[in-house]
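Raw contents of data-v6.csv, CSV, C-alpha atoms:
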```csv
chain,number,residue,atom,x,y,z
A,1,MET,CA,0.0,0.0,0.0
A,2,ASP,CA,1.3,3.5,-0.9
A,3,GLU,CA,1.8,5.9,2.0
A,4,VAL,CA,1.1,9.6,1.8
A,5,MET,CA,3.0,12.1,3.8
A,6,THR,CA,1.1,15.1,5.0
A,7,VAL,CA,2.6,18.5,5.9
A,8,ALA,CA,2.1,17.7,9.6
A,9,ASP,CA,4.0,14.4,9.1
A,10,ALA,CA,6.9,16.3,7.4
A,11,GLY,CA,7.1,18.8,10.3
A,12,GLY,CA,7.2,15.9,12.7
A,13,SER,CA,9.9,14.1,10.8
A,14,SER,CA,12.1,17.2,10.8
A,15,ARG,CA,11.7,17.4,14.6
A,16,ALA,CA,12.6,13.7,14.8
A,17,LEU,CA,15.7,14.2,12.6
A,18,ASN,CA,17.0,17.3,14.4
A,19,GLY,CA,15.9,16.2,17.9
A,20,SER,CA,14.4,19.6,18.5
A,21,PRO,CA,11.5,21.7,17.2
A,22,SER,CA,12.3,23.8,14.1
A,23,SER,CA,11.3,26.9,16.0
A,24,GLN,CA,14.8,26.9,17.6
A,25,ASN,CA,16.3,28.0,14.3
A,26,LEU,CA,14.4,31.3,14.4
A,27,LEU,CA,15.9,34.6,15.3
A,28,PRO,CA,16.1,34.4,19.2
A,29,HIS,CA,18.4,31.3,19.0
A,30,ASN,CA,20.4,32.3,15.9
A,31,LEU,CA,23.7,33.5,17.2
A,32,PRO,CA,25.1,34.6,13.8
A,33,ILE,CA,22.1,36.9,13.1
A,34,LEU,CA,22.1,38.3,16.6
A,35,SER,CA,25.8,39.0,16.4
A,36,ALA,CA,25.4,40.7,13.1
A,37,PHE,CA,22.5,42.9,14.2
A,38,LEU,CA,24.3,43.8,17.5
A,39,ALA,CA,27.5,44.7,15.6
A,40,PHE,CA,25.5,46.9,13.2
A,41,ALA,CA,23.6,48.7,16.0
A,42,LEU,CA,26.8,49.3,18.0
A,43,ALA,CA,28.6,50.6,14.9
A,44,GLN,CA,25.8,53.0,14.1
A,45,PHE,CA,25.6,54.2,17.7
A,46,LEU,CA,29.4,54.7,17.9
A,47,LYS,CA,29.2,57.0,14.8
A,48,VAL,CA,27.5,59.7,16.9
A,49,PHE,CA,30.5,59.7,19.3
A,50,THR,CA,33.2,59.5,16.6
A,51,ASN,CA,31.6,62.3,14.8
A,52,TRP,CA,31.4,64.4,18.0
A,53,TYR,CA,35.1,63.7,18.6
A,54,LYS,CA,36.0,64.8,15.0
A,55,GLU,CA,33.7,67.7,14.6
A,56,LYS,CA,33.0,68.7,18.2
A,57,ARG,CA,29.2,68.7,17.7
A,58,TRP,CA,26.5,66.2,18.3
A,59,ASP,CA,24.6,64.9,15.2
A,60,SER,CA,22.1,62.1,15.9
A,61,LYS,CA,21.5,61.7,12.2
A,62,LYS,CA,24.8,59.8,12.0
A,63,MET,CA,23.0,56.9,13.7
A,64,ILE,CA,21.0,56.3,10.5
A,65,SER,CA,23.4,57.4,7.8
A,66,SER,CA,26.0,55.6,5.7
A,67,GLY,CA,29.7,56.3,5.8
A,68,GLY,CA,31.7,57.4,8.9
A,69,MET,CA,33.7,55.7,11.6
A,70,PRO,CA,33.3,52.7,12.2
A,71,SER,CA,31.9,51.0,9.1
A,72,SER,CA,28.7,49.3,10.1
A,73,HIS,CA,28.7,47.2,6.9
A,74,SER,CA,32.1,45.8,7.9
A,75,ALA,CA,31.1,45.3,11.5
A,76,THR,CA,27.9,43.4,10.4
A,77,VAL,CA,29.5,41.1,7.9
A,78,THR,CA,32.5,40.4,10.1
A,79,ALA,CA,30.4,39.5,13.1
A,80,LEU,CA,28.2,37.3,10.9
A,81,ALA,CA,31.2,35.5,9.3
A,82,LEU,CA,33.0,35.0,12.6
A,83,ALA,CA,29.8,33.8,14.5
A,84,ILE,CA,29.2,31.3,11.7
A,85,GLY,CA,32.8,30.2,12.0
A,86,PHE,CA,32.5,29.7,15.7
A,87,GLN,CA,29.2,27.9,15.4
A,88,GLU,CA,29.7,25.8,12.3
A,89,GLY,CA,33.5,25.6,12.2
A,90,ALA,CA,36.0,27.2,9.8
A,91,GLY,CA,35.7,24.4,7.3
A,92,SER,CA,32.0,24.7,6.8
A,93,PRO,CA,30.5,25.9,3.5
A,94,ALA,CA,28.4,28.5,5.4
A,95,PHE,CA,31.6,30.0,6.8
A,96,ALA,CA,33.2,30.1,3.4
A,97,ILE,CA,30.2,31.9,1.9
A,98,ALA,CA,30.0,34.4,4.8
A,99,LEU,CA,33.8,35.1,4.6
A,100,VAL,CA,33.7,35.7,0.8
A,101,LEU,CA,30.6,38.0,1.3
A,102,ALA,CA,32.5,39.9,4.1
A,103,CYS,CA,35.5,40.4,1.8
A,104,VAL,CA,33.3,41.7,-1.1
A,105,VAL,CA,31.4,44.1,1.2
A,106,MET,CA,34.5,45.5,2.8
A,107,TYR,CA,36.3,45.9,-0.6
A,108,ASP,CA,33.2,47.6,-2.0
A,109,ALA,CA,32.9,49.9,1.0
A,110,SER,CA,36.5,51.1,0.8
A,111,GLY,CA,36.8,51.1,-3.0
A,112,VAL,CA,33.8,51.6,-5.2
A,113,ARG,CA,31.5,53.4,-2.7
A,114,LEU,CA,34.4,55.6,-1.4
A,115,HIS,CA,35.2,56.8,-4.9
A,116,ALA,CA,31.6,57.3,-5.8
A,117,GLY,CA,31.3,59.6,-2.9
A,118,ARG,CA,34.4,61.6,-4.0
A,119,GLN,CA,32.9,61.9,-7.5
A,120,ALA,CA,29.7,63.2,-6.0
A,121,GLU,CA,31.6,65.8,-4.1
A,122,LEU,CA,33.3,67.0,-7.3
A,123,LEU,CA,30.0,67.0,-9.2
A,124,ASN,CA,28.4,69.1,-6.4
A,125,GLN,CA,31.2,71.6,-6.6
A,126,ILE,CA,30.8,71.9,-10.4
A,127,VAL,CA,27.0,72.4,-10.1
A,128,CYS,CA,27.5,75.1,-7.4
A,129,GLU,CA,29.6,77.1,-9.9
A,130,PHE,CA,26.8,77.2,-12.5
A,131,PRO,CA,25.1,80.5,-13.0
A,132,SER,CA,21.6,80.7,-11.4
A,133,GLU,CA,19.9,80.7,-14.8
A,134,HIS,CA,21.5,77.3,-15.7
A,135,PRO,CA,18.9,74.5,-15.7
A,136,LEU,CA,21.0,72.3,-13.4
A,137,SER,CA,21.7,75.1,-10.8
A,138,THR,CA,18.7,74.0,-8.7
A,139,VAL,CA,19.4,70.3,-8.8
A,140,LYS,CA,19.5,68.7,-5.3
A,141,PRO,CA,23.1,67.9,-4.3
A,142,LEU,CA,24.3,64.3,-4.5
A,143,ARG,CA,25.1,62.4,-1.3
A,144,GLU,CA,28.8,62.6,-0.7
A,145,LEU,CA,29.4,60.4,2.3
A,146,LEU,CA,28.9,57.0,0.7
A,147,GLY,CA,32.0,54.9,1.4
A,148,HIS,CA,34.6,54.4,4.0
A,149,THR,CA,38.4,54.9,4.3
A,150,PRO,CA,40.4,51.7,4.9
A,151,ILE,CA,40.8,52.7,8.6
A,152,GLN,CA,37.0,53.0,9.0
A,153,VAL,CA,36.6,49.5,7.4
A,154,ALA,CA,39.2,48.0,9.6
A,155,ALA,CA,37.6,49.5,12.7
A,156,GLY,CA,34.3,48.1,11.7
A,157,ALA,CA,35.9,44.7,11.2
A,158,VAL,CA,37.5,44.8,14.6
A,159,LEU,CA,34.2,45.7,16.2
A,160,GLY,CA,32.5,42.8,14.4
A,161,CYS,CA,35.1,40.4,15.7
A,162,VAL,CA,34.8,41.6,19.3
A,163,VAL,CA,31.0,41.4,19.1
A,164,ALA,CA,31.0,37.8,17.7
A,165,PHE,CA,33.6,36.8,20.3
A,166,PHE,CA,31.6,38.1,23.2
A,167,MET,CA,28.3,36.8,21.8
A,168,ARG,CA,29.9,33.3,21.5
A,169,SER,CA,31.1,33.6,25.1
A,170,THR,CA,27.6,34.5,26.4
A,171,GLY,CA,25.8,32.0,24.2
```
Re-express the file's structure as structure tokens.
Amino acid sequence: MDEVMTVADAGGSSRALNGSPSSQNLLPHNLPILSAFLAFALAQFLKVFTNWYKEKRWDSKKMISSGGMPSSHSATVTALALAIGFQEGAGSPAFAIALVLACVVMYDASGVRLHAGRQAELLNQIVCEFPSEHPLSTVKPLRELLGHTPIQVAAGAVLGCVVAFFMRSTG
């Protein structure tokens, strides 16, 4: 006689295979995601203080902006990769994917996005020099702070490593 597997049976078999309900794989128990989110939040929060140190003024908008010290992109992907490495092992395919992703994101932040921001700065200067009757003189300026310097990327990576290490210790 042919057997039919229902959705309920499939859910039960995954619990039997893993030894635990599948709900444990959700956000509250996912150390890599928690590490990544915490590293991102800390990096964004620290930007307010590093901006104050550099410019001697408080700017809470830095908490939701891109660019600046430390790189929240670098902190996020480094914490994610390291947490996966701690949890799955350095030889796992998930760690390899996360490591390559982290390298691409950090290269992009300090390369392509940094240079795009510098080009935006030059274009804004050119547009400011147009006479007021020029059709482009009223164009909204381009965002200039897009990327990161290599030091900002490195600081974000260090923050991500520290967060992943402490999250591993507490988890």
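Residue neighbourhood of segment 90-107 of chain A, excluding near-sequence residues (fewer than 6 positions): Ser71, His73, Ser74, Ala75, Thr76, Val77, Thr78, Ala79, Leu80, Ala81, Leu82, Ala83, Ile84, Arg113, Leu114, Gly147, His148, Pro150, Val153, Ala154, Gly156 and Ala157 of chain A, at 10 Å, using only C-alpha atoms.
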Selection to disk with C-alpha atoms, as a tab-separated table (two decimals), in the frame of the given file:
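Saved result, selection_13.tsv, follows:
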```
chain	number	residue	atom	x	y	z
A	71	SER	CA	31.90	51.00	9.10
A	73	HIS	CA	28.70	47.20	6.90
A	74	SER	CA	32.10	45.80	7.90
A	75	ALA	CA	31.10	45.30	11.50
A	76	THR	CA	27.90	43.40	10.40
A	77	VAL	CA	29.50	41.10	7.90
A	78	THR	CA	32.50	40.40	10.10
A	79	ALA	CA	30.40	39.50	13.10
A	80	LEU	CA	28.20	37.30	10.90
A	81	ALA	CA	31.20	35.50	9.30
A	82	LEU	CA	33.00	35.00	12.60
A	83	ALA	CA	29.80	33.80	14.50
A	84	ILE	CA	29.20	31.30	11.70
A	113	ARG	CA	31.50	53.40	-2.70
A	114	LEU	CA	34.40	55.60	-1.40
A	147	GLY	CA	32.00	54.90	1.40
A	148	HIS	CA	34.60	54.40	4.00
A	150	PRO	CA	40.40	51.70	4.90
A	153	VAL	CA	36.60	49.50	7.40
A	154	ALA	CA	39.20	48.00	9.60
A	156	GLY	CA	34.30	48.10	11.70
A	157	ALA	CA	35.90	44.70	11.20
```
* Please indicate the distance in Å from atom CA of Met69 of chain A to atom CA of Lys47 of chain A, rounded to one decimal place. => 5.7 Å
* **Minimum-distance residue to Leu34 of chain A, chosen among A:Ser169, A:Gly85, A:Asn124, A:Ala164 (using only C-alpha atoms)** => A:Ala164
* Asked: Quick one: distance from atom CA of Ile151 of chain A to atom CA of Ala36 of chain A in Å, one decimal?
  ->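 Going from atom CA of Ile151 of chain A over to atom CA of Ala36 of chain A, I get 20.0 Å.
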* Asked: What is the distance, in Å and to one decimal place, between atom CA of Pro70 of chain A and atom CA of Ala155 of chain A?
  ->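 Taking atom CA of Pro70 of chain A and atom CA of Ala155 of chain A, their separation equals 5.4 Å.
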